[in-house]
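Trainee: Attaching a single structure in structure tokens format; questions to follow.
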Amino acid sequence: MSRLIRYCKGVSKALMVVFLSSTLMFCGSLKVVQPKEQSVEVRIESTTLNIGGDLTVKPTFTPNIKPTRTYDWTISNPEVVEIKINEDYSAIISAIKKGTSNITFSSSDGELTTSFDITVKGDVDDGVLKVLAIGNSFSMDAVENYLYELASAEDVAIVIGNVYKGGASLEQHWKNAQDNVAAYEYRKIAEDGSKSNTPETTIETAVTDENWDYITFQQVSGNSGKYETFITPLPALVEYVKERSTNTEVQYILHQTWAYSKNSTHANFPNYGRDQIVMYEAIVDAVRKAQLDFGMDYLIPAGTAIQNGRNTLIGDNYTRDGYHLSLGIGRYTAACTWFEALTSISVVGNTFKPDGLSDLEAEIAQHSAHAAVLNPDKVTLFSNYAVGNIEPLKADVLINFGNKIAPKWNTLGNHLEGASIFNLKDENDDFTNISLTVTQRFSTINKNGEQDTTSDFDMIADISTESFYGNSQKAWGELEIKQAQVTLAGLDLDTTYNLCFFGSRAGVEDNRETKYIVSGENTKTVGVQTANNKGETACATKIKPDVNGNIAVTVTAGENNNNAYGFYYLGAMRLSPGE
């Protein structure tokens, strides 16, 4: 069989292929087409890395040719890993933070793509405890004051975040999360103790801001004892946070809040029969059931710690308005509870104590918190901190009618009827078993008193600038408070007392004389010109308690007061043993 090779006439390049037993001739120009890759994949040795670890990955193409398309690497969470791309499309993935990130390799035309997840484990611990609270003013009371200082006293590095929206319930948090609403103040205490507040922030932003070790959830106080209010929003909100948390080992916690004070005027208190014990027990039951039913890791029993303290000589003095915690022992007790619950370090003996708290108060707060962590669902009674018997007063008692706390001063903090200090301290920080209660409300708190004062009360500016006030002549702020009253109780019937008063309103030109009517078994009236007052005080001496051991102080405008509203002021009071 012959083999023939022929060239086509008039064609510069041609190809003839001759097969045995046949001849195939093709005349025309030859065009070579480069084939494209049809698929791509990335094979990885491991889907997990430790912080600081590296992983090299390289895509492979089918067919095994040099790719004709252009490709890009993308990562979903650049805070968890970073990527360095080489010329051959291989890449080095470096782990920088605990969490999970999706890695995608895709062609620019979108036809070929492959992806995988990388999880970064926290085996390399940065040594910093990071806790985020999603809550409201109750979480603010618990974590924004004193928790950082308690941790520092034990050399525990800590970062504290609070996703704050006043009055927000779990349901509201869940709605805001679904719509990614920037409805929050994101309050943060950094490792160095510096504080920041970022308004108009979303829950998602706060959750992804740090590699949180703990994220806590809290129901609004009025619903905290109602289990049915947890059922829908809590598991949904937790799942939302889990999907966004950058730490695969994060633990989820419920914050058990506290019952209202016995004389609270909160609108939701009637839901519990205006009974503190009923409310406390309802909160304990609801929070524990929610923790178990929805798989929360554990709870922080701040409510039990507060209730423990209420059963000591401190009494029902843990709130400043009937529901928010007092600035001193209330917030300190809650912070002690959070510290021990988060660190497993006993708070008893912690060296940090806020200004204005006595050693005994700090001791009671620490023991109340410690007992709550050990027994979170029931009250612990302390026989060595029980209320004592009525005894003669041995030293002066200083009372501040404002919001600031200071050493040696008892701060009332709340101007509304029913506000009280259950057990006043004297200037030696000894408890007196004497109580003080607002029996007729004031208008509110004025913060414009004189800063530099010369009275024998020896006040710092935090004390002298604040006072409770009323208006006896006509309405101010839709209120007309013709007179206000505070009552001392638990006084020794065989003792007389001296009561001295100070009030100040700076920067005014009219007369704002204030009258103090002091009534026990006997009555005396004294007055102070409070306008621009820096040093004047007035004392009612040798007042004997009534048959119930009470002395009432009625405050109103004096006869020389010519202010159009009849403003009057009570900034500070001193109770002393009589001669």
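Letters A, B, ... mark the chains of the structure tokens in the order given; residue numbers begin at 1 per chain; ligand numbers begin at 1, in order shown.
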Compile the contact shell of segment 323-329 of chain A as number ranges by chain: residues with an atom at most 8 Å away, counting only C-alpha atoms, same-chain residues fewer than 2 positions apart removed.
Mentor: A: 137-138, 141, 259-261, 264, 266, 317-321, 331-333, 354, 356-357, 361-362, 365, 403-405, 413
Trainee: Write out as an MDAnalysis selection string each polymer residue whose atoms come within 12 Å of Asn410 of chain A, counting only C-alpha atoms; drop sequence neighbours fewer than 3 positions from it.
Mentor: chainID A and resid 317 326:329 355:358 396:407 413 420:432 434:436 463 572:575
Trainee: Enumerate the residues of segment 438-510 of chain A with a DSSP assignment of strand (DSSP E or B), computed from the backbone, and present them as a PyMOL selection string.
Mentor: chain A and resi 438-440+444-446+467-476+479-481+484-489+497-502+505
Trainee: Keeping only N, CA and C atoms, write those residues as a short mmCIF file (atom, residue, chain, number, x, y, z; two decimals), in the first residue's frame.
Mentor:
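To be explicit, this is the file written out as again-v6.cif:
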```cif
data_model
loop_
_atom_site.label_atom_id
_atom_site.label_comp_id
_atom_site.auth_asym_id
_atom_site.auth_seq_id
_atom_site.Cartn_x
_atom_site.Cartn_y
_atom_site.Cartn_z
N VAL A 438 -37.11 58.67 103.41
CA VAL A 438 -37.85 59.80 102.84
C VAL A 438 -39.33 59.51 103.04
N THR A 439 -39.98 60.28 103.90
CA THR A 439 -41.40 60.06 104.18
C THR A 439 -42.31 61.00 103.39
N GLN A 440 -41.74 62.09 102.85
CA GLN A 440 -42.43 62.93 101.87
C GLN A 440 -41.39 63.32 100.83
N THR A 444 -36.46 66.72 93.03
CA THR A 444 -35.39 65.90 92.46
C THR A 444 -34.08 66.39 93.06
N ILE A 445 -32.94 66.13 92.38
CA ILE A 445 -31.63 66.49 92.90
C ILE A 445 -31.07 67.66 92.11
N ASN A 446 -30.62 68.69 92.82
CA ASN A 446 -29.93 69.83 92.20
C ASN A 446 -28.43 69.63 92.34
N SER A 467 -27.83 68.54 96.23
CA SER A 467 -28.85 68.64 97.29
C SER A 467 -30.20 68.20 96.74
N PHE A 468 -31.05 67.70 97.65
CA PHE A 468 -32.45 67.48 97.31
C PHE A 468 -33.15 68.83 97.40
N TYR A 469 -34.13 69.07 96.51
CA TYR A 469 -34.82 70.35 96.58
C TYR A 469 -36.31 70.17 96.33
N GLY A 470 -37.06 71.19 96.70
CA GLY A 470 -38.48 71.24 96.43
C GLY A 470 -38.88 72.65 96.05
N ASN A 471 -40.17 72.86 95.76
CA ASN A 471 -40.65 74.17 95.34
C ASN A 471 -42.04 74.39 95.96
N SER A 472 -42.12 75.34 96.85
CA SER A 472 -43.32 75.49 97.68
C SER A 472 -44.34 76.48 97.14
N GLN A 473 -43.98 77.27 96.13
CA GLN A 473 -44.85 78.36 95.69
C GLN A 473 -45.65 78.05 94.43
N LYS A 474 -45.02 77.42 93.46
CA LYS A 474 -45.75 77.04 92.24
C LYS A 474 -45.00 75.92 91.53
N ALA A 475 -45.66 75.33 90.55
CA ALA A 475 -45.14 74.13 89.92
C ALA A 475 -43.83 74.40 89.16
N TRP A 476 -42.94 73.47 89.25
CA TRP A 476 -41.69 73.46 88.49
C TRP A 476 -41.51 72.04 87.95
N LEU A 479 -44.35 69.72 88.84
CA LEU A 479 -44.48 69.31 90.24
C LEU A 479 -44.50 70.54 91.14
N GLU A 480 -45.30 70.46 92.17
CA GLU A 480 -45.26 71.47 93.22
C GLU A 480 -45.11 70.73 94.55
N ILE A 481 -43.90 70.78 95.10
CA ILE A 481 -43.59 70.05 96.33
C ILE A 481 -43.51 71.09 97.46
N ALA A 484 -41.07 68.71 102.01
CA ALA A 484 -40.55 67.35 101.95
C ALA A 484 -40.17 66.93 103.37
N GLN A 485 -39.95 65.63 103.54
CA GLN A 485 -39.67 65.18 104.90
C GLN A 485 -38.82 63.91 104.89
N VAL A 486 -37.88 63.85 105.83
CA VAL A 486 -37.13 62.63 106.10
C VAL A 486 -37.33 62.28 107.56
N THR A 487 -37.29 60.97 107.87
CA THR A 487 -37.53 60.52 109.24
C THR A 487 -36.44 59.57 109.69
N LEU A 488 -35.88 59.85 110.86
CA LEU A 488 -34.91 58.97 111.50
C LEU A 488 -35.65 58.03 112.44
N ALA A 489 -35.28 56.75 112.43
CA ALA A 489 -35.92 55.75 113.28
C ALA A 489 -34.86 54.90 113.96
N TYR A 497 -30.69 64.29 120.77
CA TYR A 497 -29.84 64.38 119.58
C TYR A 497 -29.79 65.81 119.07
N ASN A 498 -28.67 66.13 118.44
CA ASN A 498 -28.51 67.41 117.74
C ASN A 498 -28.52 67.14 116.24
N LEU A 499 -29.29 67.92 115.50
CA LEU A 499 -29.36 67.77 114.04
C LEU A 499 -28.99 69.09 113.39
N CYS A 500 -27.97 69.06 112.52
CA CYS A 500 -27.49 70.26 111.84
C CYS A 500 -27.67 70.08 110.32
N PHE A 501 -27.87 71.21 109.62
CA PHE A 501 -28.25 71.16 108.20
C PHE A 501 -27.43 72.13 107.37
N PHE A 502 -27.18 71.72 106.11
CA PHE A 502 -26.51 72.57 105.12
C PHE A 502 -27.22 72.41 103.79
N ARG A 505 -27.23 76.69 96.84
CA ARG A 505 -27.55 76.86 95.41
C ARG A 505 -26.75 78.04 94.91
#
```
Trainee: Compare A:Lys226, A:Lys97, A:Lys262, A:Lys408 by their minimum atom-to-atom distance to Thr246 of chain A, counting only C-alpha atoms, and give me the closest one.
Mentor: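 Comparing A:Lys226, A:Lys97, A:Lys262, A:Lys408 against Thr246 of chain A, the winner is A:Lys97.
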Trainee: Env of Tyr272 of chain A: 9 Å cut, atoms = only C-alpha atoms, seq-sep filter 6 positions within chain, self excluded. Answer as a PyMOL selection string.
Mentor: chain A and resi 225+278-279+282
Trainee: Could you please take those selected residues and save C-alpha atoms as an mmCIF file, in the first residue's frame?
Mentor:
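Output (result.cif):
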```
data_model
loop_
_atom_site.group_PDB
_atom_site.id
_atom_site.type_symbol
_atom_site.label_atom_id
_atom_site.label_comp_id
_atom_site.auth_asym_id
_atom_site.auth_seq_id
_atom_site.Cartn_x
_atom_site.Cartn_y
_atom_site.Cartn_z
ATOM 1 C CA GLY A 225 -39.039 36.285 87.144
ATOM 2 C CA VAL A 278 -41.842 36.582 95.879
ATOM 3 C CA MET A 279 -39.935 38.440 93.166
ATOM 4 C CA ALA A 282 -39.474 33.934 90.859
#
```
Trainee: Report, in Å with one decimal, the straight-line distance from atom CA of Ala531 of chain A to atom CA of Val518 of chain A.
Mentor: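 Atom CA of Val518 of chain A lies 21.5 Å from atom CA of Ala531 of chain A.
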Trainee: Tell me, as an MDAnalysis selection string, which residues lie within 8 Å of Asn176 of chain A, counting only C-alpha atoms; anything in the same chain fewer than 6 positions away does not count.
Mentor: chainID A and resid 182:183 202:203
Trainee: Store the residues of this selection in a file with N, CA and C atoms, as a compact mmCIF listing (two decimals), in the first residue's frame.
Mentor:
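To be explicit, this is the file written out as result16.txt:
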```txt
# COMPACT_ATOMS: atom_id res chain seq x y z
N ALA A 182 -28.47 49.62 64.85
CA ALA A 182 -27.41 50.27 65.65
C ALA A 182 -28.05 51.05 66.80
N ALA A 183 -28.60 50.31 67.74
CA ALA A 183 -29.42 50.91 68.79
C ALA A 183 -28.70 50.99 70.13
N THR A 202 -24.18 48.16 66.73
CA THR A 202 -25.00 46.95 66.64
C THR A 202 -24.47 45.88 67.58
N ILE A 203 -25.30 44.90 67.89
CA ILE A 203 -24.85 43.76 68.67
C ILE A 203 -23.73 43.03 67.93
```
Trainee: For atom CA of Val553 of chain A and atom CA of Asp462 of chain A, determine how far apart the two atoms are, in Å to one decimal place.
Mentor: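 Atom CA of Val553 of chain A sits 23.1 Å away from atom CA of Asp462 of chain A.
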Trainee: Using only C-alpha atoms for the distances, tell me which of A:Met459, A:Ala190, A:Ile390, A:Ile92 is nearest to Gly490 of chain A.
Mentor: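 Looking only at the distances to Gly490 of chain A, the closest residue turns out to be A:Ile390.
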Trainee: Dump as CSV the rows for residues of segment 250-286 of chain A within 12 Å of segment 342-348 of chain A: closest atom pair and distance in Å with one decimal, only C-alpha atoms counted, ordered by chain and rising residue number.
Mentor:
```
residue,atom,partner,partner_atom,distance
A:Gln251,CA,A:Leu342,CA,10.4
A:Tyr252,CA,A:Leu342,CA,11.4
A:Ile253,CA,A:Leu342,CA,9.8
A:Leu254,CA,A:Leu342,CA,12.0
A:His255,CA,A:Leu342,CA,11.6
```
Trainee: Identify, on the basis of only C-alpha atoms, every residue whose closest approach to Tyr516 of chain A does not exceed 8 Å; exclude the query and any residue fewer than 5 positions from it along the same chain; express the result as a count of residues only.
Mentor: 8
Trainee: So how many Å separate atom CA of Ala557 of chain A and atom CA of Ser443 of chain A, to one decimal?
Mentor: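 Taking atom CA of Ala557 of chain A and atom CA of Ser443 of chain A, their separation equals 13.3 Å.
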Trainee: For Arg288 of chain A, please output as a list in words all residues within 9 Å (counting only C-alpha atoms; exclusion window: fewer than 5 positions along the same chain).
Mentor: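 The contact residues come out as Leu254, Gln256, Ile283, Asp293, Tyr298, Leu299 and Asp377 of chain A.
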Trainee: Taking N, CA and C atoms for each residue, export the selection above as a short mmCIF file (atom, residue, chain, number, x, y, z; two decimals), in the first residue's frame.
Mentor:
```cif
data_model
loop_
_atom_site.label_atom_id
_atom_site.label_comp_id
_atom_site.auth_asym_id
_atom_site.auth_seq_id
_atom_site.Cartn_x
_atom_site.Cartn_y
_atom_site.Cartn_z
N LEU A 254 -26.03 33.34 81.72
CA LEU A 254 -27.19 34.15 82.10
C LEU A 254 -26.86 34.97 83.33
N GLN A 256 -28.30 36.57 86.45
CA GLN A 256 -29.45 36.55 87.36
C GLN A 256 -29.53 37.91 88.06
N ILE A 283 -37.40 35.05 90.21
CA ILE A 283 -36.20 35.25 89.39
C ILE A 283 -35.30 34.03 89.45
N ASP A 293 -32.79 24.75 80.26
CA ASP A 293 -33.57 24.42 79.06
C ASP A 293 -32.88 24.85 77.78
N TYR A 298 -23.59 28.51 82.33
CA TYR A 298 -23.93 28.68 83.74
C TYR A 298 -24.49 30.08 83.93
N LEU A 299 -24.74 30.45 85.20
CA LEU A 299 -25.31 31.78 85.47
C LEU A 299 -24.48 32.50 86.53
N ASP A 377 -29.00 29.50 94.32
CA ASP A 377 -30.46 29.48 94.26
C ASP A 377 -31.15 29.65 95.60
#
```
Trainee: Taking into account only C-alpha atoms, which residue in the set A:Asp126, A:Glu204, A:Asp117, A:Glu79 is nearest to Lys242 of chain A?
Mentor: A:Glu204
Trainee: Determine the nearest neighbour of Lys289 of chain A from the options A:Asn247, A:Asn263, A:Asn271, A:Ser224, counting only C-alpha atoms.
Mentor: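 Result for the nearest residue to Lys289 of chain A: A:Ser224.
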Trainee: Nearest to Glu281 of chain A among A:Val57, A:Ala334, A:Val379, A:Ile215, with distances taken over only C-alpha atoms: which residue is it?
Mentor: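 With only C-alpha atoms as the atom set, the closest residue is A:Val379.
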Trainee: Assign secondary structure with DSSP using the backbone only, and return the residues of segment 303-519 of chain A in helix (DSSP H, G or I) as number ranges by chain.
Mentor: A: 303-310, 329-343, 359-374, 383-385, 461-464
Trainee: Leaving out Ala369 of chain A and any residue of its chain fewer than 2 positions from it, which residues lie within 9 Å of it when counting only C-alpha atoms, given as an MDAnalysis selection string?
Mentor: chainID A and resid 301:302 304:306 308:309 333:338 340 347:348 364:367 371:374
Trainee: Select, from A:Ser107, A:Thr119, A:Thr48, A:Ser152, the residue with the minimum atom-to-atom distance to Asn77 of chain A, counting only C-alpha atoms.
Mentor: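 Closest candidate: A:Thr119.
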